[in-house]
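> This is query_31.csv (CSV, C-alpha atoms and all ligand atoms).
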```csv
chain,number,residue,atom,x,y,z
O,238,MET,CA,-47.3,-22.0,-52.4
O,239,PRO,CA,-45.7,-19.1,-54.4
O,240,HIS,CA,-42.4,-18.0,-53.0
O,241,ARG,CA,-43.0,-14.6,-51.4
O,242,GLU,CA,-40.4,-12.6,-49.7
O,243,ALA,CA,-39.5,-9.1,-48.7
O,244,THR,CA,-36.2,-7.5,-47.7
O,245,ALA,CA,-35.7,-4.3,-45.7
O,246,VAL,CA,-32.8,-2.4,-44.3
O,247,ALA,CA,-32.7,-0.2,-41.2
O,248,CYS,CA,-30.0,1.7,-39.3
O,249,ALA,CA,-29.1,1.4,-35.6
O,250,ASN,CA,-29.6,4.7,-33.7
O,251,ILE,CA,-27.7,6.5,-30.9
O,252,ALA,CA,-29.9,8.1,-28.3
O,253,PHE,CA,-29.1,11.7,-27.4
O,254,ILE,CA,-31.9,11.8,-24.9
O,255,LYS,CA,-32.4,8.3,-23.4
O,256,TYR,CA,-35.3,6.0,-23.0
O,257,TRP,CA,-34.9,4.1,-19.7
O,258,GLY,CA,-37.8,2.6,-17.9
O,259,PHE,CA,-41.3,2.0,-19.2
O,260,ARG,CA,-44.8,3.0,-18.3
O,261,ASP,CA,-46.1,-0.2,-19.9
O,262,GLU,CA,-43.7,-3.2,-20.3
O,263,LYS,CA,-45.8,-5.1,-22.8
O,264,LEU,CA,-46.5,-2.3,-25.2
O,265,HIS,CA,-43.0,-0.7,-24.7
O,266,LEU,CA,-44.5,2.6,-23.7
O,267,PRO,CA,-41.7,4.8,-22.3
O,268,LEU,CA,-41.8,7.3,-19.4
O,269,ASN,CA,-40.3,10.1,-21.4
O,270,ASN,CA,-39.7,11.4,-25.0
O,271,SER,CA,-36.3,10.4,-26.4
O,272,ILE,CA,-34.2,11.8,-29.3
O,273,SER,CA,-31.7,9.9,-31.4
O,274,MET,CA,-29.7,10.0,-34.6
O,275,ASN,CA,-29.9,7.1,-37.1
O,276,LEU,CA,-26.4,5.7,-37.8
O,277,ALA,CA,-25.8,5.3,-41.6
O,278,GLY,CA,-24.0,2.1,-42.5
O,279,ILE,CA,-24.5,0.5,-39.1
O,280,GLU,CA,-27.5,-1.6,-40.3
O,281,SER,CA,-29.5,-4.7,-40.2
O,282,ILE,CA,-30.7,-6.2,-43.5
O,283,THR,CA,-33.6,-8.6,-43.0
O,284,THR,CA,-35.4,-10.9,-45.4
O,285,VAL,CA,-38.7,-12.4,-44.4
O,286,SER,CA,-40.2,-15.2,-46.5
O,287,LEU,CA,-43.2,-17.5,-46.2
O,288,THR,CA,-42.4,-21.1,-45.2
O,289,ASN,CA,-44.3,-24.4,-45.1
O,290,GLU,CA,-42.8,-25.1,-41.7
O,291,HIS,CA,-45.1,-25.1,-38.6
O,292,GLN,CA,-42.8,-22.6,-36.8
O,293,ASP,CA,-41.0,-19.4,-37.6
O,294,SER,CA,-37.3,-19.6,-38.0
O,295,LEU,CA,-34.6,-17.0,-37.4
O,296,MET,CA,-31.0,-16.9,-38.7
O,297,ILE,CA,-28.8,-14.0,-37.4
O,298,ASP,CA,-25.5,-13.4,-39.1
O,299,GLY,CA,-25.5,-16.8,-40.7
O,300,VAL,CA,-26.3,-18.9,-37.6
O,301,PRO,CA,-29.6,-20.1,-36.1
O,302,ALA,CA,-30.6,-17.7,-33.4
O,303,SER,CA,-31.0,-18.6,-29.8
O,304,GLN,CA,-34.4,-19.8,-28.5
O,305,ALA,CA,-34.8,-16.5,-26.7
O,306,ALA,CA,-34.2,-14.4,-29.8
O,307,LEU,CA,-36.5,-16.7,-31.9
O,308,SER,CA,-39.3,-16.4,-29.3
O,309,ARG,CA,-39.0,-12.6,-29.3
O,310,ALA,CA,-39.1,-12.4,-33.1
O,311,SER,CA,-42.0,-14.9,-33.3
O,312,HIS,CA,-43.9,-13.0,-30.7
O,313,PHE,CA,-43.4,-9.8,-32.7
O,314,MET,CA,-44.6,-11.7,-35.9
O,315,ASP,CA,-47.8,-12.6,-34.0
O,316,TYR,CA,-48.7,-8.9,-33.9
O,317,ILE,CA,-48.2,-8.6,-37.6
O,318,ARG,CA,-50.1,-11.8,-38.3
O,319,ALA,CA,-53.0,-10.5,-36.2
O,320,ILE,CA,-53.1,-7.3,-38.3
O,321,ALA,CA,-52.9,-9.3,-41.5
O,322,GLY,CA,-55.4,-11.9,-40.4
O,323,THR,CA,-53.2,-14.8,-41.2
O,324,ASP,CA,-51.3,-17.5,-39.3
O,325,GLU,CA,-48.7,-18.2,-42.0
O,326,ARG,CA,-45.2,-18.9,-40.6
O,327,VAL,CA,-42.1,-17.1,-41.8
O,328,SER,CA,-38.4,-17.6,-42.1
O,329,ILE,CA,-36.4,-14.6,-41.1
O,330,VAL,CA,-32.8,-14.1,-42.2
O,331,SER,CA,-31.1,-11.1,-40.6
O,332,ASN,CA,-27.6,-9.8,-41.1
O,333,ASN,CA,-25.9,-7.1,-39.1
O,334,ASN,CA,-22.7,-5.3,-40.1
O,335,PHE,CA,-21.7,-4.6,-36.5
O,336,PRO,CA,-21.1,-6.7,-33.4
O,337,MET,CA,-24.3,-7.8,-31.7
O,338,GLY,CA,-25.0,-6.9,-28.0
O,339,SER,CA,-22.2,-4.5,-27.8
O,340,GLY,CA,-24.1,-1.4,-26.7
O,341,ILE,CA,-24.7,-0.5,-30.4
O,342,ALA,CA,-28.5,-0.8,-30.6
O,343,SER,CA,-28.8,-4.1,-32.5
O,344,SER,CA,-32.4,-4.6,-31.4
O,345,ALA,CA,-33.4,-1.2,-32.9
O,346,SER,CA,-32.1,-1.9,-36.4
O,347,ALA,CA,-33.3,-5.5,-36.2
O,348,PHE,CA,-36.9,-4.8,-35.3
O,349,ALA,CA,-37.2,-1.7,-37.6
O,350,ALA,CA,-36.0,-3.8,-40.6
O,351,LEU,CA,-38.3,-6.7,-39.6
O,352,ALA,CA,-41.3,-4.4,-39.2
O,353,VAL,CA,-40.8,-3.0,-42.7
O,354,ALA,CA,-40.0,-6.3,-44.4
O,355,ALA,CA,-42.8,-8.3,-42.7
O,356,SER,CA,-45.5,-5.7,-43.2
O,357,SER,CA,-44.6,-5.6,-46.9
O,358,LEU,CA,-44.6,-9.4,-47.1
O,359,PHE,CA,-48.2,-9.4,-45.8
O,360,GLU,CA,-49.1,-6.4,-48.0
O,361,LEU,CA,-50.2,-4.3,-45.1
O,362,GLU,CA,-50.8,-0.6,-46.0
O,363,MET,CA,-48.9,1.2,-43.3
O,364,THR,CA,-47.9,4.8,-42.9
O,365,GLU,CA,-44.5,5.7,-41.4
O,366,GLN,CA,-46.3,6.3,-38.1
O,367,ASP,CA,-47.9,2.9,-38.2
O,368,LEU,CA,-44.5,1.3,-38.9
O,369,SER,CA,-42.9,3.2,-36.0
O,370,ARG,CA,-45.6,2.0,-33.6
O,371,LEU,CA,-45.2,-1.6,-34.9
O,372,ALA,CA,-41.4,-1.6,-34.6
O,373,ARG,CA,-41.9,-0.3,-31.0
O,374,LEU,CA,-43.7,-3.5,-30.1
O,375,GLY,CA,-40.5,-5.4,-31.0
O,376,SER,CA,-38.1,-3.1,-29.3
O,377,GLY,CA,-38.8,0.3,-27.9
O,378,SER,CA,-35.8,2.1,-29.5
O,379,ALA,CA,-36.6,0.5,-32.9
O,380,CYS,CA,-39.5,3.0,-33.3
O,381,ARG,CA,-36.8,5.7,-33.7
O,382,SER,CA,-35.1,3.8,-36.6
O,383,ILE,CA,-38.2,4.0,-38.8
O,384,PRO,CA,-38.1,7.7,-39.7
O,385,ALA,CA,-35.1,9.4,-41.2
O,386,GLY,CA,-32.2,11.3,-39.7
O,387,TYR,CA,-32.8,12.8,-36.3
O,388,THR,CA,-35.9,11.4,-34.7
O,389,GLU,CA,-38.0,12.1,-31.6
O,390,TRP,CA,-40.0,9.3,-30.0
O,391,LEU,CA,-43.2,10.9,-28.7
O,392,ALA,CA,-43.8,8.9,-25.5
O,393,GLY,CA,-47.6,9.1,-25.7
O,394,ASP,CA,-49.7,7.1,-23.3
O,395,SER,CA,-51.2,4.4,-25.5
O,396,ASP,CA,-50.3,2.1,-28.4
O,397,GLN,CA,-51.8,4.7,-30.8
O,398,THR,CA,-50.0,7.7,-29.4
O,399,SER,CA,-46.4,6.3,-28.9
O,400,TYR,CA,-44.3,6.6,-32.1
O,401,ALA,CA,-41.3,8.4,-33.5
O,402,ILE,CA,-41.1,11.3,-36.0
O,403,SER,CA,-38.3,12.8,-37.9
O,404,ILE,CA,-37.3,16.2,-36.5
O,405,ALA,CA,-34.5,16.8,-38.9
O,406,SER,CA,-33.3,15.1,-42.1
O,407,PRO,CA,-29.9,13.4,-42.3
O,408,GLU,CA,-28.7,16.3,-44.6
O,409,ASN,CA,-29.8,18.9,-42.1
O,410,TRP,CA,-26.8,18.6,-39.9
O,411,ASP,CA,-23.7,16.6,-40.7
O,412,LEU,CA,-22.8,15.2,-37.3
O,413,ARG,CA,-20.7,12.1,-36.9
O,414,ASP,CA,-20.7,9.3,-34.3
O,415,CYS,CA,-17.2,7.9,-33.7
O,416,ILE,CA,-17.9,4.7,-31.7
O,417,ALA,CA,-15.0,3.7,-29.5
O,418,VAL,CA,-15.5,-0.1,-29.2
O,419,VAL,CA,-13.9,-1.3,-26.0
O,420,ASN,CA,-15.6,-4.6,-25.7
O,421,THR,CA,-17.6,-6.6,-28.3
O,422,GLN,CA,-18.8,-9.3,-26.0
O,423,PRO,CA,-22.6,-9.7,-25.6
O,424,LYS,CA,-23.8,-7.6,-22.6
O,425,VAL,CA,-24.4,-9.5,-19.4
O,426,VAL,CA,-27.7,-7.7,-18.5
O,427,GLY,CA,-30.0,-6.9,-21.4
O,428,SER,CA,-32.0,-3.7,-21.6
O,429,LEU,CA,-35.3,-5.5,-20.7
O,430,ALA,CA,-34.0,-6.3,-17.2
O,431,GLY,CA,-32.5,-2.8,-17.0
O,432,HIS,CA,-35.8,-1.0,-17.9
O,433,ARG,CA,-37.5,-3.2,-15.2
O,434,ALA,CA,-34.9,-2.3,-12.6
O,435,ALA,CA,-35.0,1.5,-13.4
O,436,GLU,CA,-37.9,2.1,-11.0
O,437,THR,CA,-35.9,0.7,-8.1
O,438,SER,CA,-33.5,3.6,-8.3
O,439,PRO,CA,-34.4,6.6,-6.2
O,440,LEU,CA,-32.8,8.7,-8.9
O,441,GLN,CA,-35.3,7.6,-11.7
O,442,GLU,CA,-38.0,10.0,-10.4
O,443,GLY,CA,-35.6,12.9,-10.6
O,444,ARG,CA,-34.4,11.9,-14.1
O,445,ILE,CA,-38.0,11.8,-15.3
O,446,ALA,CA,-39.1,15.0,-13.5
O,447,SER,CA,-36.2,16.9,-15.2
O,448,VAL,CA,-36.2,15.4,-18.7
O,449,LEU,CA,-38.5,17.8,-20.5
O,450,PRO,CA,-36.1,20.7,-20.5
O,451,ARG,CA,-33.3,18.4,-21.7
O,452,VAL,CA,-35.6,17.2,-24.6
O,453,GLU,CA,-36.3,20.8,-25.5
O,454,LYS,CA,-32.7,21.8,-25.3
O,455,CYS,CA,-31.6,18.9,-27.4
O,456,ARG,CA,-34.3,19.5,-30.0
O,457,SER,CA,-33.4,23.2,-30.3
O,458,ALA,CA,-29.6,22.4,-30.4
O,459,ILE,CA,-30.3,20.2,-33.4
O,460,PHE,CA,-32.5,22.9,-35.1
O,461,ASN,CA,-29.9,25.6,-34.5
O,462,HIS,CA,-26.8,23.4,-35.2
O,463,ASP,CA,-25.6,24.5,-31.8
O,464,PHE,CA,-22.9,21.9,-31.0
O,465,TRP,CA,-21.9,23.2,-27.6
O,466,ALA,CA,-25.4,23.2,-26.3
O,467,LEU,CA,-25.9,19.7,-27.7
O,468,ALA,CA,-22.6,18.5,-26.0
O,469,ASP,CA,-23.8,19.7,-22.6
O,470,VAL,CA,-27.2,18.1,-22.8
O,471,ILE,CA,-26.3,14.8,-24.3
O,472,GLU,CA,-23.5,14.2,-21.7
O,473,LEU,CA,-25.9,15.2,-18.9
O,474,ASP,CA,-28.6,12.9,-20.1
O,475,SER,CA,-26.3,10.0,-20.6
O,476,ASN,CA,-24.9,10.5,-17.1
O,477,MET,CA,-28.4,10.7,-15.7
O,478,MET,CA,-29.3,7.3,-17.2
O,479,HIS,CA,-26.1,5.7,-15.9
O,480,ALA,CA,-26.7,7.2,-12.5
O,481,VAL,CA,-30.0,5.4,-12.5
O,482,MET,CA,-28.4,2.2,-13.6
O,483,LEU,CA,-25.7,2.4,-11.0
O,484,THR,CA,-28.3,2.9,-8.2
O,485,SER,CA,-30.8,0.3,-9.4
O,486,THR,CA,-31.4,-3.1,-7.7
O,487,PRO,CA,-29.8,-5.1,-9.1
O,488,MET,CA,-27.1,-2.6,-9.8
O,489,LEU,CA,-26.1,-2.2,-13.5
O,490,PHE,CA,-22.6,-1.1,-14.2
O,491,TYR,CA,-21.9,-1.2,-18.0
O,492,TRP,CA,-18.6,0.8,-18.1
O,493,GLU,CA,-15.2,-0.8,-18.5
O,494,PRO,CA,-12.0,1.1,-17.4
O,495,GLU,CA,-11.4,2.0,-21.0
O,496,SER,CA,-14.9,3.5,-21.2
O,497,ILE,CA,-14.0,5.9,-18.4
O,498,LEU,CA,-10.8,6.8,-20.1
O,499,VAL,CA,-12.6,7.8,-23.3
O,500,MET,CA,-15.2,9.8,-21.4
O,501,LYS,CA,-12.5,11.7,-19.4
O,502,SER,CA,-10.5,12.3,-22.6
O,503,VAL,CA,-13.5,13.6,-24.5
O,504,GLN,CA,-14.1,16.2,-21.8
O,505,LYS,CA,-10.4,17.2,-21.9
O,506,TRP,CA,-10.4,17.5,-25.7
O,507,ARG,CA,-13.5,19.7,-25.5
O,508,LYS,CA,-11.9,22.0,-23.0
O,509,ASN,CA,-9.1,22.3,-25.5
O,510,GLY,CA,-11.5,23.4,-28.1
O,511,ILE,CA,-12.3,20.3,-30.1
O,512,PRO,CA,-16.1,20.0,-30.6
O,513,CYS,CA,-16.9,16.5,-29.3
O,514,ALA,CA,-19.2,15.0,-26.6
O,515,PHE,CA,-19.8,11.5,-25.4
O,516,THR,CA,-22.9,9.4,-24.9
O,517,VAL,CA,-23.2,5.8,-23.7
O,518,ASP,CA,-26.1,3.4,-24.2
O,519,ALA,CA,-26.5,0.1,-22.2
O,520,GLY,CA,-23.0,-1.1,-22.9
O,521,PRO,CA,-19.4,-0.2,-22.5
O,522,ASN,CA,-18.7,1.4,-25.9
O,523,ILE,CA,-18.5,5.1,-26.0
O,524,HIS,CA,-20.2,7.1,-28.8
O,525,VAL,CA,-18.2,10.3,-29.5
O,526,ILE,CA,-20.4,12.8,-31.3
O,527,CYS,CA,-18.8,15.6,-33.3
O,528,PRO,CA,-19.4,17.8,-36.3
O,529,ALA,CA,-18.1,16.3,-39.6
O,530,GLU,CA,-15.1,18.8,-39.6
O,531,ALA,CA,-13.9,17.4,-36.3
O,532,GLN,CA,-14.1,13.7,-37.2
O,533,ASN,CA,-10.5,13.2,-38.3
O,534,GLU,CA,-9.1,14.9,-35.2
O,535,VAL,CA,-11.4,12.9,-32.9
O,536,ILE,CA,-10.4,9.6,-34.5
O,537,HIS,CA,-6.7,10.6,-34.4
O,538,HIS,CA,-7.1,11.2,-30.6
O,539,LEU,CA,-9.1,8.0,-30.0
O,540,GLU,CA,-6.4,6.0,-31.8
O,541,GLN,CA,-3.8,7.2,-29.2
O,542,LEU,CA,-5.8,5.7,-26.3
O,543,PRO,CA,-5.0,2.2,-25.0
O,544,GLY,CA,-7.6,-0.5,-25.0
O,545,ILE,CA,-9.8,0.5,-27.9
O,546,GLN,CA,-10.5,-2.4,-30.1
O,547,ASN,CA,-12.1,-0.7,-33.0
O,548,ILE,CA,-13.5,2.7,-34.1
O,549,LEU,CA,-16.7,2.7,-36.1
O,550,THR,CA,-17.9,5.9,-37.7
O,551,ALA,CA,-21.4,6.9,-38.9
O,552,ARG,CA,-23.1,9.9,-40.3
O,553,PRO,CA,-26.8,10.6,-39.9
O,554,GLY,CA,-28.7,7.7,-41.6
O,555,GLN,CA,-31.9,7.3,-43.6
O,556,GLY,CA,-35.1,5.8,-42.3
O,557,ALA,CA,-35.9,2.1,-42.6
O,558,ARG,CA,-36.7,1.1,-46.2
O,559,LEU,CA,-37.5,-1.8,-48.5
O,560,GLN,CA,-34.6,-3.2,-50.5
O,561,ASN,CA,-35.2,-4.6,-54.0
O,601,LIG,C1,-30.0,2.5,-23.3
O,601,LIG,O1,-35.0,-0.3,-26.9
O,601,LIG,O2,-33.2,-1.9,-26.3
O,601,LIG,O3,-30.3,2.2,-25.7
O,601,LIG,O4,-37.6,-1.9,-25.6
O,601,LIG,O5,-36.5,-3.7,-24.2
O,601,LIG,O6,-35.9,-3.5,-26.6
O,601,LIG,P1,-36.4,-2.8,-25.4
O,601,LIG,O7,-35.2,-1.8,-25.0
O,601,LIG,P2,-34.3,-1.0,-25.9
O,601,LIG,O8,-33.7,0.1,-24.8
O,601,LIG,C2,-32.8,1.0,-25.3
O,601,LIG,C3,-32.1,1.7,-24.1
O,601,LIG,C4,-31.0,2.6,-24.5
O,601,LIG,C5,-31.4,4.1,-24.5
O,601,LIG,C6,-32.1,4.5,-25.8
O,601,LIG,O9,-31.8,3.9,-26.9
O,601,LIG,O10,-32.9,5.4,-25.7
```
Written as structure tokens, that's how I'd like the structure from this file.

Amino acid sequence: MPHREATAVACANIAFIKYWGFRDEKLHLPLNNSISMNLAGIESITTVSLTNEHQDSLMIDGVPASQAALSRASHFMDYIRAIAGTDERVSIVSNNNFPMGSGIASSASAFAALAVAASSLFELEMTEQDLSRLARLGSGSACRSIPAGYTEWLAGDSDQTSYAISIASPENWDLRDCIAVVNTQPKVVGSLAGHRAAETSPLQEGRIASVLPRVEKCRSAIFNHDFWALADVIELDSNMMHAVMLTSTPMLFYWEPESILVMKSVQKWRKNGIPCAFTVDAGPNIHVICPAEAQNEVIHHLEQLPGIQNILTARPGQGARLQN
């Protein structure tokens, strides 16, 4: 068999308006539109090659992946094999340059890179929209890592209509994400269980009923480069999601004491005139968003706080792409 392989790279993304809870678990159809920024340099690079083995294999960061991770990747490959009309098995080698399971969306960059690499390996003709839909089947938020820059996932109501589009290029607005890493351990409750639990919170209905104006405010803050409007809406939306998490059964409580310290400090710094705002995904690490000009000052302030293990920074990133 000729040795065929394809390699792709994709960024993680940070959600400004969150996806939490699905309308369809199997297809990863969300209940609401969400908006995110791709994170340049916080990436997965994934090579997929054909193998003579009878099963797929998966290496992540140089070690064989857990059975659960392999099953998830293999299940995703089944979608691609069905489209390609083949049952060929693959070997997947994926490397991340950030800690896995730390609230930085490793499943997003992983499945976006895998979608691009695997569809190229099987020579599938796919538009950006097709790739976004495909990546969504691996991990919901992965669909937002396919297009470039700032992206909006149009919730849709079917496999065909649920995908992400770019709403602004990476060059359009030079925001930075300064990620205060307070804990690099894998999270105890993964997002799948969290999405499932969301409907048990009495607050989820209110979050969904009120999300459209937040999506619109966030989108226009990006279009108008209005940082102060963006700050208000991303903190509100993050708090909404964490309020749902905290009131779900089982209860999900992702914050560490240091997370709270960072959130309170960010609010204080903003009152003192520094343009910065926090947002938190399903983990304890705090993403501090700021315009490029404020990055040094924000990092300087973060460095003064106790309990921060590391600070990662990212500018707006490109979409997922093949690597030669
Ligand atoms: C809190 O996309 O990781 O990061 O579809 O089960 O893979 P699966 O979930 P996932 O959920 C992400 C949730 C979030 C918010 C967001 O990115 O919008």
> Find the residue from O:Ala305, O:Val426, O:Ile402, O:Val448 that sits nearest to Leu473 of chain O; use all atoms listed in the file when measuring.
O:Val448
> Give the answer as one residue: which of O:Glu493, O:Ala392, O:Leu361, O:Phe460 has the shortest atom-to-atom distance to Gln422 of chain O, using only C-alpha atoms?
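Of O:Glu493, O:Ala392, O:Leu361, O:Phe460, the one nearest Gln422 of chain O, counting only C-alpha atoms, is O:Glu493.
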> Residues at most 12 Å from Pro553 of chain O, counting all atoms listed in the file, excluding those fewer than 3 positions away in the same chain, as a VMD selection string?
chain O and resid 248 to 251 273 to 279 382 384 to 388 403 405 to 415 526 to 529 550 556
> Set out as a Markdown table a contact list for chain O and ligand LIG 601 (chain O) with a cut-off of 6 Å, giving each residue of chain O that qualifies its closest atom pair and distance in Å to one decimal, counting all atoms listed in the file, ordered by chain and rising residue number.

```
| residue | atom | partner | partner_atom | distance |
| --- | --- | --- | --- | --- |
| O:Ala252 | CA | O:LIG601 | O10 | 4.8 |
| O:Lys255 | CA | O:LIG601 | O10 | 3.7 |
| O:Tyr256 | CA | O:LIG601 | O10 | 3.7 |
| O:Trp257 | CA | O:LIG601 | C3 | 5.7 |
| O:His265 | CA | O:LIG601 | O4 | 5.6 |
| O:Ser344 | CA | O:LIG601 | O2 | 5.8 |
| O:Ser376 | CA | O:LIG601 | O6 | 3.5 |
| O:Gly377 | CA | O:LIG601 | O4 | 3.4 |
| O:Ser378 | CA | O:LIG601 | O1 | 3.6 |
| O:Ser428 | CA | O:LIG601 | O7 | 5.0 |
| O:Leu429 | CA | O:LIG601 | O5 | 4.1 |
| O:Asp518 | CA | O:LIG601 | C1 | 4.1 |
| O:Ala519 | CA | O:LIG601 | C1 | 4.4 |
```
> Which residue, O:Leu489, O:Leu391, O:Ala458, O:Ile536, has the smallest gap to Thr437 of chain O when you use all atoms listed in the file?
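Among O:Leu489, O:Leu391, O:Ala458, O:Ile536, it is O:Leu489 that comes nearest to Thr437 of chain O.
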> Please measure the separation of atom CA of Ala243 of chain O and atom CA of Ser308 of chain O, giving the value in Å to one decimal.
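Computing the Euclidean distance for atom CA of Ala243 of chain O and atom CA of Ser308 of chain O yields 20.7 Å.
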> Which residues come within 10 Å of Leu264 of chain O, counting all atoms listed in the file, excluding same-chain residues fewer than 2 positions away, as a list in words?
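Answer for this query is Phe259, Arg260, Asp261, Glu262, Leu266, Pro267, Arg370, Leu371, Arg373, Leu374, Gly375, Ser376, Gly377, Ser395, Asp396 and Ser399 of chain O.
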> Kindly give the distance, in Å, that separates atom CA of Gly393 of chain O and atom CA of Tyr491 of chain O, rounded to a single decimal.
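Answer for the atom CA of Gly393 of chain O to atom CA of Tyr491 of chain O separation: 28.7 Å.
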> Given the choices O:Val327, O:Met478, O:Leu440, O:Leu498, which gets closest to Asn289 of chain O if the distance is worked out from only C-alpha atoms?
O:Val327
> So, with all atoms listed in the file as the atoms that count, which of O:Ile511, O:Met488, O:Leu539, O:Val470 lies closest to Leu449 of chain O?
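Among the listed residues, the smallest separation from Leu449 of chain O belongs to O:Val470.
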